[in-house]
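Peer 1: Structure file input_36.txt, compact mmCIF, C-alpha atoms, is pasted below:
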# COMPACT_ATOMS: atom_id res chain seq x y z
CA MET Z 232 -53.80 29.06 -5.38
CA THR Z 233 -50.43 28.31 -3.79
CA THR Z 234 -47.11 29.23 -5.40
CA LYS Z 235 -46.50 25.59 -6.26
CA GLU Z 236 -49.87 25.19 -7.91
CA LYS Z 237 -49.42 28.34 -9.90
CA LEU Z 238 -45.95 27.24 -10.99
CA LYS Z 239 -47.27 23.92 -12.21
CA GLN Z 240 -50.01 25.64 -14.13
CA ILE Z 241 -47.48 27.97 -15.74
CA LEU Z 242 -45.24 25.07 -16.69
CA VAL Z 243 -48.03 23.18 -18.42
CA GLU Z 244 -49.76 26.11 -20.08
CA ASP Z 245 -46.96 28.53 -20.94
CA LEU Z 246 -44.27 25.97 -21.74
CA ASN Z 247 -46.81 23.88 -23.63
CA LEU Z 248 -46.02 20.65 -21.84
CA GLU Z 249 -47.92 17.90 -23.54
CA ASP Z 250 -49.43 14.77 -22.04
CA ILE Z 251 -49.20 16.04 -18.49
CA THR Z 252 -51.50 17.98 -16.20
CA PRO Z 253 -50.44 20.32 -13.37
CA GLU Z 254 -51.66 17.80 -10.84
CA GLU Z 255 -49.35 15.13 -12.21
CA ILE Z 256 -46.19 17.15 -11.59
CA GLU Z 257 -44.46 16.06 -8.41
CA ASP Z 258 -43.17 18.76 -6.09
CA ASP Z 259 -39.67 17.26 -5.96
CA GLU Z 260 -39.50 16.08 -9.57
CA PRO Z 261 -36.41 17.44 -11.37
CA LEU Z 262 -37.44 20.13 -13.84
CA PHE Z 263 -34.62 19.53 -16.31
CA GLY Z 264 -33.18 16.44 -17.90
CA GLU Z 265 -34.76 13.39 -16.38
CA GLY Z 266 -38.02 14.27 -14.73
CA LEU Z 267 -40.05 16.84 -16.58
CA GLY Z 268 -37.48 16.93 -19.37
CA LEU Z 269 -37.24 20.68 -19.77
CA ASP Z 270 -34.24 22.00 -21.70
CA SER Z 271 -32.17 25.18 -21.84
CA LEU Z 272 -34.74 27.01 -23.97
CA ASP Z 273 -37.38 26.20 -21.38
CA ALA Z 274 -35.04 27.58 -18.73
CA VAL Z 275 -34.93 30.93 -20.49
CA GLU Z 276 -38.71 30.99 -20.77
CA LEU Z 277 -39.12 29.91 -17.16
CA VAL Z 278 -36.93 32.76 -15.93
CA VAL Z 279 -39.06 35.18 -17.94
CA LEU Z 280 -42.31 33.63 -16.71
CA VAL Z 281 -41.25 33.75 -13.06
CA GLN Z 282 -40.54 37.44 -13.43
CA LYS Z 283 -43.80 38.04 -15.27
CA HIS Z 284 -46.10 36.12 -12.91
CA PHE Z 285 -44.35 36.59 -9.56
CA GLY Z 286 -42.29 39.74 -10.06
CA VAL Z 287 -39.19 37.84 -9.01
CA GLU Z 288 -35.99 38.07 -11.02
CA ILE Z 289 -33.53 35.22 -11.28
CA LYS Z 290 -30.45 37.28 -11.91
CA ASP Z 291 -27.69 34.82 -12.54
CA MET Z 292 -26.30 31.32 -12.28
CA GLU Z 293 -25.73 31.52 -8.53
CA GLU Z 294 -29.41 32.15 -7.94
CA GLY Z 295 -30.75 30.11 -10.80
CA ARG Z 296 -28.99 26.82 -10.34
CA PRO Z 297 -30.35 25.97 -6.89
CA ALA Z 298 -33.73 27.54 -7.62
CA LEU Z 299 -34.42 25.68 -10.85
CA GLN Z 300 -34.12 22.18 -9.49
CA SER Z 301 -37.75 21.36 -8.78
CA ILE Z 302 -41.13 22.90 -8.02
CA ASN Z 303 -40.19 22.80 -4.33
CA THR Z 304 -36.95 24.74 -4.77
CA LEU Z 305 -38.41 27.23 -7.22
CA ALA Z 306 -41.44 27.94 -5.03
CA ALA Z 307 -39.19 28.39 -2.00
CA PHE Z 308 -36.97 30.79 -3.96
CA ILE Z 309 -39.97 32.84 -5.12
CA GLU Z 310 -41.53 33.02 -1.67
CA ASP Z 311 -38.20 33.95 -0.12
CA LYS Z 312 -37.77 36.81 -2.61
CA GLN Z 313 -41.32 38.02 -2.12
CA GLU Z 314 -40.96 38.32 1.64
CA MET P 269 -0.68 24.91 -38.20
CA PHE P 270 -4.00 23.57 -39.46
CA GLY P 271 -5.49 23.31 -36.04
CA ALA P 272 -8.47 23.28 -33.79
CA GLY P 273 -11.75 24.73 -34.89
CA GLY P 274 -10.67 24.59 -38.47
CA ILE P 275 -10.53 21.96 -41.14
CA ASN P 276 -12.87 19.14 -40.42
CA PRO P 277 -12.35 16.37 -42.92
CA VAL P 278 -15.62 14.68 -42.10
CA SER P 279 -18.92 15.79 -43.49
CA THR P 280 -21.11 15.95 -40.43
CA GLN P 281 -21.20 18.52 -37.71
CA GLN P 282 -21.36 16.01 -34.92
CA LYS P 283 -17.85 14.69 -35.37
CA GLN P 284 -14.88 16.40 -33.86
CA PRO P 285 -12.54 18.47 -36.02
CA LYS P 286 -9.41 16.61 -36.94
CA THR P 287 -6.17 18.50 -36.71
CA LEU P 288 -3.86 18.36 -39.66
CA GLY P 289 -0.15 18.92 -39.50
CA SER P 290 2.32 17.78 -36.90
CA PRO P 291 4.28 19.22 -33.99
CA LEU P 292 7.31 19.33 -36.27
CA GLY P 293 5.32 21.34 -38.78
CA TYR P 294 4.20 23.80 -36.13
CA ARG P 295 7.78 24.26 -34.99
CA ALA P 296 8.90 24.93 -38.55
CA PHE P 297 6.36 27.72 -38.86
CA TYR P 298 7.19 29.15 -35.45
CA LEU P 299 10.89 29.13 -36.35
CA LEU P 300 10.21 30.94 -39.60
CA ILE P 301 8.05 33.53 -37.86
CA ARG P 302 10.78 34.21 -35.33
CA SER P 303 13.53 34.38 -37.92
CA GLY P 304 11.81 35.96 -40.89
CA GLY P 305 8.45 37.22 -39.71
CA ARG P 306 5.09 36.73 -41.30
CA GLN P 307 6.25 36.75 -44.92
CA ALA P 308 8.71 33.93 -44.32
CA ALA P 309 5.96 31.80 -42.84
CA TYR P 310 3.67 32.65 -45.76
CA GLY P 311 6.45 31.49 -48.10
CA LEU P 312 6.41 28.02 -46.58
CA LEU P 313 2.64 28.06 -46.42
CA TYR P 314 2.24 28.23 -50.21
CA PHE P 315 4.04 24.92 -50.57
CA VAL P 316 2.44 23.25 -47.58
CA VAL P 317 -1.05 24.13 -48.77
CA ALA P 318 -0.23 22.94 -52.29
CA PHE P 319 0.92 19.64 -50.81
CA TYR P 320 -2.28 19.22 -48.83
CA ILE P 321 -4.49 20.13 -51.77
CA LEU P 322 -2.66 17.74 -54.10
CA PHE P 323 -2.09 14.78 -51.82
CA ARG P 324 -4.66 14.95 -49.04
CA PRO P 325 -8.06 14.49 -50.68
CA GLN P 326 -9.87 14.97 -47.38
CA VAL P 327 -8.77 18.60 -47.38
CA ARG P 328 -10.43 19.22 -50.73
CA LEU P 329 -13.47 17.29 -49.55
CA SER P 330 -13.70 19.56 -46.52
CA CYS P 331 -13.81 22.61 -48.77
CA ARG P 332 -16.24 21.14 -51.24
CA PRO P 333 -19.62 21.69 -49.54
CA TYR P 334 -19.03 25.42 -49.19
CA LEU P 335 -17.37 25.88 -52.57
CA ARG P 336 -20.14 23.95 -54.30
CA HIS P 337 -22.62 26.52 -53.00
CA ARG P 338 -20.41 29.58 -53.35
CA PHE P 339 -19.24 28.68 -56.88
CA PRO P 340 -22.07 26.50 -58.19
CA THR P 341 -20.96 26.64 -61.82
CA ALA P 342 -17.27 26.02 -61.23
CA GLY P 343 -15.72 23.06 -62.97
CA ALA P 344 -13.26 20.58 -61.55
CA ASP P 345 -10.18 22.63 -62.40
CA ALA P 346 -11.62 25.78 -60.90
CA ASN P 347 -12.53 23.92 -57.75
CA TRP P 348 -8.94 22.85 -57.26
CA TRP P 349 -7.96 26.50 -57.43
CA HIS P 350 -10.77 27.60 -55.12
CA SER P 351 -9.81 24.93 -52.61
CA TYR P 352 -6.21 26.07 -52.74
CA ARG P 353 -7.16 29.71 -52.20
CA MET P 354 -9.52 28.90 -49.37
CA VAL P 355 -7.02 26.76 -47.46
CA LEU P 356 -4.21 29.20 -48.20
CA ASP P 357 -6.17 32.12 -46.78
CA PHE P 358 -7.10 30.04 -43.75
CA GLY P 359 -3.44 29.18 -43.28
CA LYS P 360 -2.51 32.86 -43.46
CA VAL P 361 -5.01 33.63 -40.73
CA LEU P 362 -3.43 30.96 -38.54
CA VAL P 363 0.02 32.34 -39.28
CA ASP P 364 -1.21 35.82 -38.37
CA ARG P 365 -2.57 34.56 -35.08
CA ALA P 366 0.75 32.93 -34.33
CA VAL P 367 2.57 36.14 -35.29
CA VAL P 368 0.50 38.17 -32.86
CA GLY P 369 1.04 35.56 -30.19
CA MET P 370 4.80 35.48 -30.65
CA LEU P 371 5.65 39.02 -31.66
CA GLY P 372 2.87 41.04 -30.12
CA PRO P 373 -0.46 42.58 -31.09
CA ASP P 374 1.16 45.57 -32.81
CA GLN P 375 2.11 43.25 -35.67
CA LEU P 376 -1.39 43.59 -37.09
CA ASN P 377 -3.62 46.56 -37.75
CA VAL P 378 -7.26 46.07 -36.90
CA THR P 379 -9.79 48.61 -38.18
CA LEU P 380 -13.26 48.68 -36.73
CA HIS P 381 -16.24 49.83 -38.79
CA GLY P 382 -19.37 50.64 -36.80
CA ARG P 383 -17.73 52.00 -33.67
CA GLU P 384 -20.32 54.70 -33.10
CA GLN P 385 -23.22 52.31 -33.55
CA LEU P 386 -21.67 49.88 -31.10
CA LEU P 387 -21.28 52.65 -28.54
CA GLU P 388 -24.88 53.68 -29.07
CA ILE P 389 -26.07 50.09 -28.54
CA ARG P 390 -23.92 49.71 -25.44
CA ASN P 391 -25.30 52.91 -23.98
CA ARG P 392 -28.84 51.54 -24.13
CA ARG P 393 -27.75 49.17 -21.32
CA HIS P 394 -29.82 46.24 -22.50
CA GLY P 395 -26.72 44.19 -23.16
CA MET P 396 -25.86 42.96 -26.63
CA ILE P 397 -25.27 39.66 -28.33
CA LEU P 398 -22.33 39.85 -30.69
CA MET P 399 -22.99 37.28 -33.33
CA MET P 400 -19.69 36.17 -34.77
CA SER P 401 -18.99 33.64 -37.51
CA HIS P 402 -16.13 31.43 -38.57
CA VAL P 403 -14.84 34.03 -40.97
CA GLY P 404 -11.67 36.05 -41.11
CA CYS P 405 -9.97 35.98 -37.74
CA TRP P 406 -12.37 36.83 -34.97
CA GLN P 407 -9.76 36.23 -32.26
CA VAL P 408 -7.51 38.98 -33.55
CA ALA P 409 -10.41 41.33 -34.04
CA MET P 410 -11.81 40.86 -30.55
CA SER P 411 -9.12 43.15 -29.23
CA ALA P 412 -10.70 45.92 -31.30
CA LEU P 413 -13.66 45.90 -28.92
CA ASN P 414 -11.69 47.05 -25.89
CA PHE P 415 -13.02 50.58 -26.32
CA LEU P 416 -16.46 49.37 -25.24
CA GLU P 417 -15.05 48.99 -21.73
CA GLU P 418 -17.42 46.14 -21.07
CA PRO P 419 -16.27 42.58 -20.59
CA VAL P 420 -17.11 40.32 -23.52
CA HIS P 421 -18.30 36.85 -22.54
CA MET P 422 -17.62 34.36 -25.29
CA VAL P 423 -19.61 31.15 -25.46
CA MET P 424 -17.07 28.46 -26.22
CA HIS P 425 -15.87 25.08 -25.01
CA GLN P 426 -13.15 25.37 -22.42
CA ASP P 427 -11.15 22.38 -23.55
CA ASP P 428 -7.64 22.04 -22.25
CA GLY P 429 -6.45 22.01 -25.82
CA SER P 430 -8.28 25.14 -26.81
CA LEU P 431 -6.20 26.94 -29.37
CA GLU P 432 -7.79 30.21 -28.37
CA ARG P 433 -6.66 30.01 -24.78
CA HIS P 434 -3.18 28.85 -25.73
CA TYR P 435 -2.98 31.78 -28.09
CA TYR P 436 -3.29 34.32 -25.30
CA GLU P 437 -1.27 32.34 -22.77
CA TYR P 438 1.53 32.01 -25.26
CA ALA P 439 1.35 35.71 -25.99
CA GLU P 440 1.33 36.49 -22.28
CA GLN P 441 -1.58 38.79 -23.04
CA GLU P 442 -4.73 39.22 -21.07
CA CYS P 443 -7.49 37.40 -22.90
CA PRO P 444 -9.88 40.09 -24.19
CA TYR P 445 -12.89 37.95 -23.42
CA ARG P 446 -14.22 35.66 -20.72
CA THR P 447 -15.69 32.31 -21.57
CA ILE P 448 -18.97 30.58 -20.86
CA ASP P 449 -18.86 26.84 -21.40
CA PRO P 450 -22.01 25.62 -23.19
CA ARG P 451 -21.56 22.23 -21.55
CA GLY P 452 -22.30 23.73 -18.16
CA PHE P 453 -25.62 23.68 -16.28
CA LEU P 454 -28.47 24.17 -18.76
CA GLY P 455 -26.01 24.83 -21.53
CA GLY P 456 -24.71 27.95 -19.81
CA THR P 457 -28.06 29.59 -20.44
CA LEU P 458 -28.39 31.13 -17.01
CA GLU P 459 -24.89 32.59 -17.21
CA MET P 460 -25.72 34.06 -20.59
CA MET P 461 -28.91 35.60 -19.29
CA GLY P 462 -27.01 36.99 -16.33
CA VAL P 463 -24.51 38.66 -18.63
CA LEU P 464 -27.24 40.31 -20.69
CA LYS P 465 -29.32 41.35 -17.70
CA GLN P 466 -26.31 43.21 -16.38
CA GLY P 467 -26.01 45.07 -19.67
CA MET P 468 -22.80 43.30 -20.66
CA ILE P 469 -21.74 41.73 -23.93
CA LEU P 470 -22.25 38.13 -24.96
CA ALA P 471 -20.41 36.79 -28.00
CA VAL P 472 -21.63 33.69 -29.79
CA MET P 473 -20.90 31.88 -33.01
CA GLY P 474 -23.98 31.87 -35.19
CA ASP P 475 -22.86 29.57 -37.97
CA ARG P 476 -22.00 26.33 -36.28
CA LEU P 477 -24.26 23.73 -34.80
CA PRO P 478 -23.06 22.38 -31.47
CA PRO P 479 -23.20 18.59 -31.20
CA HIS P 480 -26.64 17.32 -30.20
CA GLU P 481 -28.16 20.79 -30.59
CA ARG P 482 -31.89 20.30 -31.04
CA ASN P 483 -32.96 23.91 -31.06
CA VAL P 484 -32.44 24.66 -34.72
CA VAL P 485 -34.32 26.32 -37.49
CA THR P 486 -33.76 25.85 -41.20
CA VAL P 487 -33.00 28.90 -43.31
CA ASP P 488 -31.61 29.53 -46.75
CA PHE P 489 -27.88 29.98 -47.03
CA LEU P 490 -26.23 30.30 -50.42
CA GLY P 491 -29.22 28.82 -52.18
CA GLU P 492 -29.99 25.82 -50.02
CA ALA P 493 -31.37 25.07 -46.58
CA VAL P 494 -29.08 24.89 -43.57
CA ALA P 495 -29.94 24.29 -39.93
CA LEU P 496 -28.75 27.02 -37.60
CA PRO P 497 -29.24 27.31 -33.85
CA PHE P 498 -31.78 29.84 -32.65
CA SER P 499 -30.98 29.78 -28.92
CA SER P 500 -29.22 33.15 -29.12
CA PHE P 501 -32.27 34.67 -30.76
CA GLN P 502 -34.47 33.32 -27.99
CA LEU P 503 -32.11 34.89 -25.45
CA ALA P 504 -32.44 38.16 -27.32
CA SER P 505 -36.22 37.89 -27.19
CA ALA P 506 -36.21 37.05 -23.49
CA THR P 507 -33.84 39.81 -22.42
CA GLY P 508 -34.44 42.57 -24.96
CA ALA P 509 -30.79 42.55 -26.00
CA PRO P 510 -30.15 43.22 -29.69
CA ILE P 511 -28.17 40.85 -31.87
CA VAL P 512 -25.23 42.58 -33.48
CA VAL P 513 -23.78 40.74 -36.45
CA MET P 514 -20.05 41.32 -36.67
CA MET P 515 -17.73 40.00 -39.36
CA THR P 516 -13.96 40.16 -39.67
CA ARG P 517 -11.88 40.00 -42.79
CA LYS P 518 -8.23 40.03 -43.68
CA SER P 519 -8.04 43.00 -45.99
CA ALA P 520 -4.31 43.13 -46.69
CA GLY P 521 -1.06 41.59 -45.52
CA ASP P 522 -1.10 42.84 -41.96
CA CYS P 523 -4.53 44.47 -41.93
CA TYR P 524 -7.81 43.15 -40.60
CA GLU P 525 -11.19 44.80 -40.61
CA MET P 526 -14.01 44.18 -38.21
CA GLU P 527 -17.38 45.42 -39.33
CA LEU P 528 -20.78 45.77 -37.75
CA ILE P 529 -22.90 44.31 -40.53
CA ARG P 530 -26.37 44.47 -39.07
CA GLU P 531 -28.32 44.92 -35.88
CA ILE P 532 -31.13 42.41 -35.55
CA ARG P 533 -33.88 43.35 -33.13
CA VAL P 534 -35.83 40.33 -32.02
CA PRO P 535 -39.24 41.19 -30.55
CA GLN P 536 -39.73 40.28 -26.92
CA GLY P 537 -42.03 37.46 -25.90
CA LEU P 538 -41.58 35.20 -28.92
CA GLY P 539 -41.53 32.15 -26.69
CA ARG P 540 -39.75 28.97 -27.60
CA LYS P 541 -41.20 27.89 -30.92
CA ALA P 542 -38.56 27.66 -33.61
CA ASP P 543 -40.68 29.10 -36.39
CA ALA P 544 -41.01 32.41 -34.58
CA TYR P 545 -37.27 32.95 -34.91
CA ARG P 546 -36.84 31.94 -38.53
CA PRO P 547 -37.08 35.49 -39.99
CA TYR P 548 -34.37 36.72 -37.64
CA VAL P 549 -32.06 33.75 -38.17
CA GLN P 550 -32.59 34.31 -41.89
CA GLN P 551 -31.38 37.89 -41.50
CA TYR P 552 -28.18 36.54 -40.01
CA ALA P 553 -27.83 33.93 -42.78
CA ASP P 554 -28.33 36.67 -45.39
CA ALA P 555 -25.61 38.76 -43.77
CA LEU P 556 -23.28 35.79 -43.82
CA ALA P 557 -24.09 35.05 -47.45
CA GLY P 558 -23.31 38.65 -48.33
CA TYR P 559 -19.98 38.33 -46.60
CA CYS P 560 -19.21 35.16 -48.55
CA ARG P 561 -20.01 36.91 -51.81
CA ASP P 562 -17.54 39.68 -50.98
CA ASN P 563 -14.91 37.48 -49.32
CA PRO P 564 -15.24 34.06 -50.95
CA TYR P 565 -12.11 32.56 -49.41
CA GLN P 566 -12.53 33.73 -45.86
CA PHE P 567 -15.34 31.45 -44.74
CA TYR P 568 -13.87 28.73 -42.56
CA ASN P 569 -16.63 26.31 -41.71
CA PHE P 570 -15.04 23.19 -43.10
CA PHE P 571 -17.99 20.86 -42.82
CA ASP P 572 -21.19 20.26 -44.73
CA MET P 573 -23.64 22.76 -43.32
CA TRP P 574 -26.14 21.74 -45.96
CA ASN P 575 -26.26 18.15 -44.78
CA ASN P 576 -29.28 18.45 -42.53
CA ARG P 577 -29.77 14.78 -41.79
Could you spell out this file's structure in structure tokens?

Peer 2:
Amino acid sequence: MTTKEKLKQILVEDLNLEDITPEEIEDDEPLFGEGLGLDSLDAVELVVLVQKHFGVEIKDMEEGRPALQSINTLAAFIEDKQE
Amino acid sequence: MFGAGGINPVSTQQKQPKTLGSPLGYRAFYLLIRSGGRQAAYGLLYFVVAFYILFRPQVRLSCRPYLRHRFPTAGADANWWHSYRMVLDFGKVLVDRAVVGMLGPDQLNVTLHGREQLLEIRNRRHGMILMMSHVGCWQVAMSALNFLEEPVHMVMHQDDGSLERHYYEYAEQECPYRTIDPRGFLGGTLEMMGVLKQGMILAVMGDRLPPHERNVVTVDFLGEAVALPFSSFQLASATGAPIVVMMTRKSAGDCYEMELIREIRVPQGLGRKADAYRPYVQQYADALAGYCRDNPYQFYNFFDMWNNR
């Protein structure tokens, strides 16, 4: 399973997204606001989940803002940190 | 003098607070403070508050939701008196803030209760969430936390007209806290997490619902349900930081007390469902209710918290 696929699975299962499957999430779809419609509480959970599942810590705003734009950006951030 | 963050003559939380008073009125108080000190300003305050209570019904209406719950058996006459006392004490707090701003921080004595416990919590290095409330004068008391030698990051709107910022600029003092604007990216959540992950201190207001806040849970407060935000409790669960409930009170003419009321430990991994946080938000609401029982006129949320529509 690729990082993107795993991220989508985490989003749907751990954030309890309803009426959407992992396959339906677009790689460049905005995670917050328009797009998937996640909110600030989801952001907190997502930061925790990324650390739990990938061992990657999003430490602050400088790292988090660009990383949490879409599946593409988040996967790239995770893979970059894991290298 | 009756300014930002204070008396809100409307009954819902979504509308902006309306400032009472006028620039001329402010200048009159500032002049009295400069010429006669705090007591001179208090002297004028008694009459100004009486005027507002007698001739500005919206001021009494602003007090009513809280007083109705704090003094449920009070009659009409008693409620006039309670309203007067509540607004008078609020006015004194504003005068005190102006006094500190104009004449210096040594004009007030701030006593901290719970210093050792705060140090012990700080030394755990998990960060801490100071949960403040609109009681007493939290701005004055914040300076009492300097001994922690950790920057305090306060979650608050950074409006140009922010009374808090003007207070320190006017006083030519270094602001004892930094601010995180909740209107920033993801409500400032990532900044808040960053603060806690670095073991620093985050200060939030627990008793007011930001406009359009959806992440609320209903708890009992003074005998009836209120909606309070639980985002801070979720942050605590995500980061392992404890919630430290602090309250301030004006205990005498020039004396304030800041007290650590309770440490709330939220278990990690509670997720994002509101119900999971209700017991912990209720602990905070209980602490606030206890404060209101002991200090009935120092609760300054002038809107209808119990209107949950």

Peer 1: With a cut-off of 7 Å and counting only C-alpha atoms, select all residues of chain Z in contact with chain P and give the selection as an MDAnalysis selection string.

Peer 2: chainID Z and resid 270:272 275:276 279 290:292 295

Peer 1: If you count all atoms listed in the file, which residues fall within 7 Å of His421 (chain P), apart from same-chain ones fewer than 3 positions away, as an mmCIF file with C-alpha atoms, in the frame of the given file?

Peer 2:
data_model
loop_
_atom_site.group_PDB
_atom_site.id
_atom_site.type_symbol
_atom_site.label_atom_id
_atom_site.label_comp_id
_atom_site.auth_asym_id
_atom_site.auth_seq_id
_atom_site.Cartn_x
_atom_site.Cartn_y
_atom_site.Cartn_z
ATOM 1 C CA TYR P 445 -12.890 37.950 -23.420
ATOM 2 C CA ARG P 446 -14.220 35.660 -20.720
ATOM 3 C CA THR P 447 -15.690 32.310 -21.570
ATOM 4 C CA ILE P 448 -18.970 30.580 -20.860
ATOM 5 C CA ILE P 469 -21.740 41.730 -23.930
ATOM 6 C CA LEU P 470 -22.250 38.130 -24.960
ATOM 7 C CA ALA P 471 -20.410 36.790 -28.000
#

Peer 1: What is the distance, in Å and to one decimal place, between CA of Leu496 (chain P) and CA of Val484 (chain P)?

Peer 2: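 Straight-line distance from CA of Leu496 (chain P) to CA of Val484 (chain P) works out to 5.2 Å.
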
Peer 1: Suppose you want the space between CA of Ala318 (chain P) and CA of Gly305 (chain P); what is it in Å?

Peer 2: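 Value for the CA of Ala318 (chain P)-CA of Gly305 (chain P) distance: 20.9 Å.
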
Peer 1: By how many Å are CA of Pro261 (chain Z) and CA of Ser301 (chain Z) apart?

Peer 2: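 One can read the CA of Pro261 (chain Z) to CA of Ser301 (chain Z) distance as 4.9 Å.
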
Peer 1: I'd like the neighbourhood of Asp245 (chain Z) as a PDB file with C-alpha atoms, in the coordinates of the input, where a residue qualifies if any of its atoms comes within 10 Å (using only C-alpha atoms), though same-chain residues fewer than 3 positions away should be ignored.

Peer 2:
ATOM      1  CA  LYS Z 239     -47.270  23.920 -12.210  1.00  0.00           C
ATOM      2  CA  GLN Z 240     -50.010  25.640 -14.130  1.00  0.00           C
ATOM      3  CA  ILE Z 241     -47.480  27.970 -15.740  1.00  0.00           C
ATOM      4  CA  LEU Z 242     -45.240  25.070 -16.690  1.00  0.00           C
ATOM      5  CA  LEU Z 248     -46.020  20.650 -21.840  1.00  0.00           C
ATOM      6  CA  ASP Z 273     -37.380  26.200 -21.380  1.00  0.00           C
ATOM      7  CA  GLU Z 276     -38.710  30.990 -20.770  1.00  0.00           C
ATOM      8  CA  LEU Z 277     -39.120  29.910 -17.160  1.00  0.00           C
ATOM      9  CA  LEU Z 280     -42.310  33.630 -16.710  1.00  0.00           C
TER      10      LEU Z 280
ATOM     11  CA  GLY P 539     -41.530  32.150 -26.690  1.00  0.00           C
ATOM     12  CA  ARG P 540     -39.750  28.970 -27.600  1.00  0.00           C
TER      13      ARG P 540
END

Peer 1: Set the distance at 8 Å and use all atoms listed in the file: which residues neighbour Thr252 (chain Z) once local chain neighbours fewer than 3 positions away are removed? I'd like the list as a VMD selection string.

Peer 2: chain Z and resid 243 255 to 256

Peer 1: Applying 12 Å and all atoms listed in the file, which residues near Thr233 (chain Z) remain after dropping the ones on its own chain fewer than 6 positions away? List them as a PyMOL selection string.

Peer 2: chain Z and resi 239-240+285+302-303+306-307+309-310

Peer 1: From the set P:Ala504, P:Val368, P:Ala342, P:Leu335, which residue has the shortest atom-to-atom contact distance to Phe571 (chain P), counting only C-alpha atoms?

Peer 2: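 Closest candidate: P:Leu335.
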
Peer 1: Here is a test: counting all atoms listed in the file, which residue of P:Glu481, P:Met468, P:Gln375, P:Ile301 is nearest to Arg451 (chain P)?

Peer 2: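 For Arg451 (chain P), the nearest of the given residues is P:Glu481.
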